[in-house]
$ cat entry_28.csv   # CSV, C-alpha atoms
chain,number,residue,atom,x,y,z
A,1,MET,CA,133.8,42.7,-50.7
A,2,THR,CA,136.2,44.5,-48.4
A,3,TYR,CA,136.3,48.2,-47.6
A,4,HIS,CA,139.4,48.6,-49.7
A,5,GLN,CA,137.7,47.1,-52.7
A,6,TYR,CA,134.8,49.5,-52.4
A,7,LEU,CA,137.3,52.3,-52.0
A,8,LEU,CA,139.1,51.2,-55.2
A,9,ILE,CA,135.9,51.1,-57.2
A,10,GLY,CA,134.8,54.5,-55.8
A,11,TYR,CA,138.2,56.2,-56.4
A,12,SER,CA,138.5,54.7,-59.9
A,13,ALA,CA,135.0,55.9,-60.8
A,14,TYR,CA,135.8,59.4,-59.4
A,15,LEU,CA,139.0,59.6,-61.6
A,16,VAL,CA,137.1,58.5,-64.7
A,17,VAL,CA,134.3,61.1,-64.2
A,18,MET,CA,136.8,63.9,-63.4
A,19,SER,CA,139.0,62.9,-66.3
A,20,LEU,CA,136.0,63.0,-68.7
A,21,ILE,CA,134.9,66.4,-67.4
A,22,THR,CA,138.5,67.7,-67.7
A,23,LEU,CA,138.9,66.3,-71.2
A,24,ALA,CA,135.6,68.0,-72.3
A,25,MET,CA,136.6,71.3,-70.8
A,26,TYR,CA,139.9,71.2,-72.7
A,27,PHE,CA,138.1,70.6,-75.9
A,28,LYS,CA,135.5,73.3,-75.1
A,29,ASP,CA,138.3,75.8,-74.3
A,30,LYS,CA,140.2,75.0,-77.5
A,31,LYS,CA,137.0,75.4,-79.5
A,32,MET,CA,136.4,78.8,-77.8
A,33,ALA,CA,140.0,79.8,-78.5
A,34,VAL,CA,139.7,79.1,-82.2
A,35,LYS,CA,136.3,80.6,-82.5
A,36,ASN,CA,136.5,83.7,-80.3
A,37,GLY,CA,140.2,84.4,-80.0
A,38,ASN,CA,140.8,85.5,-76.4
A,39,GLU,CA,137.3,86.4,-75.5
A,40,VAL,CA,135.0,84.3,-73.2
A,41,ARG,CA,137.3,81.5,-72.3
A,42,ILE,CA,137.7,79.0,-69.5
A,43,LYS,CA,140.2,80.2,-66.9
A,44,GLU,CA,143.5,78.5,-66.7
A,45,ARG,CA,143.0,78.2,-63.0
A,46,THR,CA,139.8,76.2,-63.7
A,47,LEU,CA,141.5,73.8,-66.1
A,48,LEU,CA,144.4,73.3,-63.6
A,49,GLY,CA,142.0,72.9,-60.7
A,50,LEU,CA,140.2,70.1,-62.6
A,51,VAL,CA,143.6,68.5,-63.3
A,52,CYS,CA,144.6,68.7,-59.6
A,53,PHE,CA,141.3,67.3,-58.3
A,54,GLY,CA,141.2,64.1,-60.2
A,55,GLY,CA,141.2,65.0,-63.9
A,56,ALA,CA,145.0,64.5,-64.6
A,57,ILE,CA,144.4,61.7,-67.1
A,58,GLY,CA,141.8,63.9,-68.9
A,59,GLY,CA,144.1,66.9,-68.9
A,60,PHE,CA,147.0,64.8,-70.2
A,61,PHE,CA,144.9,63.5,-73.1
A,62,GLY,CA,143.2,66.8,-73.6
A,63,ARG,CA,146.5,68.5,-74.3
A,64,ILE,CA,147.5,65.8,-76.7
A,65,LEU,CA,144.2,65.4,-78.6
A,66,ALA,CA,143.1,69.0,-78.6
A,67,HIS,CA,146.6,70.4,-79.0
A,68,HIS,CA,145.8,72.8,-76.3
A,69,LYS,CA,148.0,74.6,-73.8
A,70,THR,CA,151.0,72.7,-75.1
A,71,ASN,CA,153.4,75.7,-74.9
A,72,LYS,CA,152.7,76.3,-71.2
A,73,GLY,CA,155.4,74.7,-69.0
A,74,TYR,CA,153.5,75.1,-65.8
A,75,PHE,CA,150.6,73.1,-67.4
A,76,SER,CA,152.9,70.3,-68.2
A,77,PHE,CA,154.4,70.3,-64.7
A,78,THR,CA,151.0,70.4,-63.0
A,79,ILE,CA,149.6,67.7,-65.1
A,80,TYR,CA,152.6,65.3,-64.7
A,81,VAL,CA,152.8,65.8,-60.9
A,82,SER,CA,149.0,65.4,-60.5
A,83,LEU,CA,149.1,62.3,-62.8
A,84,LEU,CA,151.8,60.7,-60.7
A,85,LEU,CA,150.0,61.4,-57.5
A,86,GLN,CA,146.6,60.2,-58.7
A,87,LEU,CA,148.0,57.0,-60.2
A,88,GLY,CA,150.2,56.5,-57.1
A,89,VAL,CA,147.1,56.7,-54.8
A,90,LEU,CA,145.2,54.4,-57.2
A,91,ALA,CA,148.1,51.9,-57.1
A,92,LEU,CA,148.2,52.0,-53.3
A,93,ILE,CA,144.5,51.5,-53.0
A,94,ALA,CA,144.7,48.6,-55.5
A,95,LEU,CA,147.5,46.9,-53.5
A,96,MET,CA,145.5,47.2,-50.3
A,97,ALA,CA,142.3,45.9,-52.1
A,98,PHE,CA,144.1,42.8,-53.3
A,99,GLY,CA,145.8,42.1,-50.0
A,100,VAL,CA,149.4,42.9,-51.0
A,101,LEU,CA,149.5,45.7,-48.4
A,102,ALA,CA,147.7,45.7,-45.1
A,103,PHE,CA,146.5,48.8,-43.3
$ encode --input "entry_28.csv" --output "structure tokens"
Amino acid sequence: MTYHQYLLIGYSAYLVVMSLITLAMYFKDKKMAVKNGNEVRIKERTLLGLVCFGGAIGGFFGRILAHHKTNKGYFSFTIYVSLLLQLGVLALIALMAFGVLAF
């Protein structure tokens, strides 16, 4: 196995773990919003931080499945930009791993 293939596996695993954590946090925050109103909630900064640091796929599906933060435009913008960047990096690493690009 080459270095790029290990990098592809590691980055993919990182994205999956971060996305699952982010998805769980979206569901937890939605549950807290319904149960407690505006008391004890997960900060928006935390949710967006998780999205930016690898959890964009989880944030994308968390908004859809939990119907959470759907009216916030900056959430959409942050999720879509992060999703494009994370998938772009994944595609670049995959191209290198399979020998299409050489670095």
$ closest_residue --input "entry_28.csv" --among "A:Leu87, A:Val40, A:Leu101, A:Ile64" --to "Val16 of chain A" --atoms "all atoms listed in the file"
A:Leu87
$ residues_around --input "entry_28.csv" --residues "Leu83 of chain A" --least-positions-apart "2" --cutoff "10 Å" --atoms "all atoms listed in the file" --output "list in words"
Val51, Cys52, Gly54, Gly55, Ala56, Ile57, Gly58, Gly59, Phe60, Phe77, Thr78, Ile79, Tyr80, Val81, Leu85, Gln86, Leu87, Gly88 and Val89 of chain A
$ closest_residue --input "entry_28.csv" --among "A:Arg63, A:Gly49, A:Lys30, A:His4" --to "Val100 of chain A" --atoms "all atoms listed in the file"
A:His4
$ atom_distance --input "entry_28.csv" --atom1 "atom CA of Glu44 of chain A" --atom2 "atom CA of Ala13 of chain A"
24.9 Å
$ residues_around --input "entry_28.csv" --residues "Ile9 of chain A" --least-positions-apart "2" --cutoff "10 Å" --atoms "all atoms listed in the file" --output "tab-separated table (two decimals) with C-alpha atoms, in the frame of the given file"
chain	number	residue	atom	x	y	z
A	4	HIS	CA	139.40	48.60	-49.70
A	5	GLN	CA	137.70	47.10	-52.70
A	6	TYR	CA	134.80	49.50	-52.40
A	7	LEU	CA	137.30	52.30	-52.00
A	11	TYR	CA	138.20	56.20	-56.40
A	12	SER	CA	138.50	54.70	-59.90
A	13	ALA	CA	135.00	55.90	-60.80
A	14	TYR	CA	135.80	59.40	-59.40
A	90	LEU	CA	145.20	54.40	-57.20
A	93	ILE	CA	144.50	51.50	-53.00
A	94	ALA	CA	144.70	48.60	-55.50
A	97	ALA	CA	142.30	45.90	-52.10
$ atom_distance --input "entry_28.csv" --atom1 "atom CA of Thr46 of chain A" --atom2 "atom CA of Met25 of chain A"
9.2 Å
$ build_atoms --input "entry_28.csv" --residues "segment 50-67 of chain A" --atoms "N, CA and C atoms" --output "mmCIF file, keeping the file's coordinate frame"
data_model
loop_
_atom_site.group_PDB
_atom_site.id
_atom_site.type_symbol
_atom_site.label_atom_id
_atom_site.label_comp_id
_atom_site.auth_asym_id
_atom_site.auth_seq_id
_atom_site.Cartn_x
_atom_site.Cartn_y
_atom_site.Cartn_z
ATOM 1 N N LEU A 50 140.782 71.395 -62.196
ATOM 2 C CA LEU A 50 140.200 70.100 -62.600
ATOM 3 C C LEU A 50 141.276 69.026 -62.658
ATOM 4 N N VAL A 51 142.443 69.400 -63.176
ATOM 5 C CA VAL A 51 143.600 68.500 -63.300
ATOM 6 C C VAL A 51 143.971 68.014 -61.863
ATOM 7 N N CYS A 52 144.109 68.963 -60.953
ATOM 8 C CA CYS A 52 144.600 68.700 -59.600
ATOM 9 C C CYS A 52 143.574 67.836 -58.790
ATOM 10 N N PHE A 53 142.299 68.024 -59.052
ATOM 11 C CA PHE A 53 141.300 67.300 -58.300
ATOM 12 C C PHE A 53 140.716 66.109 -58.969
ATOM 13 N N GLY A 54 141.571 65.368 -59.647
ATOM 14 C CA GLY A 54 141.200 64.100 -60.200
ATOM 15 C C GLY A 54 141.144 63.957 -61.681
ATOM 16 N N GLY A 55 141.360 65.036 -62.403
ATOM 17 C CA GLY A 55 141.200 65.000 -63.900
ATOM 18 C C GLY A 55 142.572 64.975 -64.596
ATOM 19 N N ALA A 56 143.626 64.490 -63.967
ATOM 20 C CA ALA A 56 145.000 64.500 -64.600
ATOM 21 C C ALA A 56 145.008 63.699 -65.870
ATOM 22 N N ILE A 57 144.346 62.576 -65.890
ATOM 23 C CA ILE A 57 144.400 61.700 -67.100
ATOM 24 C C ILE A 57 143.636 62.484 -68.229
ATOM 25 N N GLY A 58 142.514 63.097 -67.933
ATOM 26 C CA GLY A 58 141.800 63.900 -68.900
ATOM 27 C C GLY A 58 142.585 65.085 -69.401
ATOM 28 N N GLY A 59 143.285 65.746 -68.481
ATOM 29 C CA GLY A 59 144.100 66.900 -68.900
ATOM 30 C C GLY A 59 145.286 66.446 -69.732
ATOM 31 N N PHE A 60 145.867 65.301 -69.403
ATOM 32 C CA PHE A 60 147.000 64.800 -70.200
ATOM 33 C C PHE A 60 146.538 64.494 -71.628
ATOM 34 N N PHE A 61 145.424 63.797 -71.772
ATOM 35 C CA PHE A 61 144.900 63.500 -73.100
ATOM 36 C C PHE A 61 144.314 64.705 -73.795
ATOM 37 N N GLY A 62 143.753 65.627 -73.021
ATOM 38 C CA GLY A 62 143.200 66.800 -73.600
ATOM 39 C C GLY A 62 144.264 67.692 -74.264
ATOM 40 N N ARG A 63 145.422 67.760 -73.649
ATOM 41 C CA ARG A 63 146.500 68.500 -74.300
ATOM 42 C C ARG A 63 146.987 67.858 -75.553
ATOM 43 N N ILE A 64 147.029 66.537 -75.557
ATOM 44 C CA ILE A 64 147.500 65.800 -76.700
ATOM 45 C C ILE A 64 146.461 65.862 -77.861
ATOM 46 N N LEU A 65 145.232 65.495 -77.546
ATOM 47 C CA LEU A 65 144.200 65.400 -78.600
ATOM 48 C C LEU A 65 143.706 66.720 -79.086
ATOM 49 N N ALA A 66 143.601 67.704 -78.209
ATOM 50 C CA ALA A 66 143.100 69.000 -78.600
ATOM 51 C C ALA A 66 144.244 69.962 -78.999
ATOM 52 N N HIS A 67 145.470 69.530 -78.782
ATOM 53 C CA HIS A 67 146.600 70.400 -79.000
ATOM 54 C C HIS A 67 146.451 71.725 -78.315
#
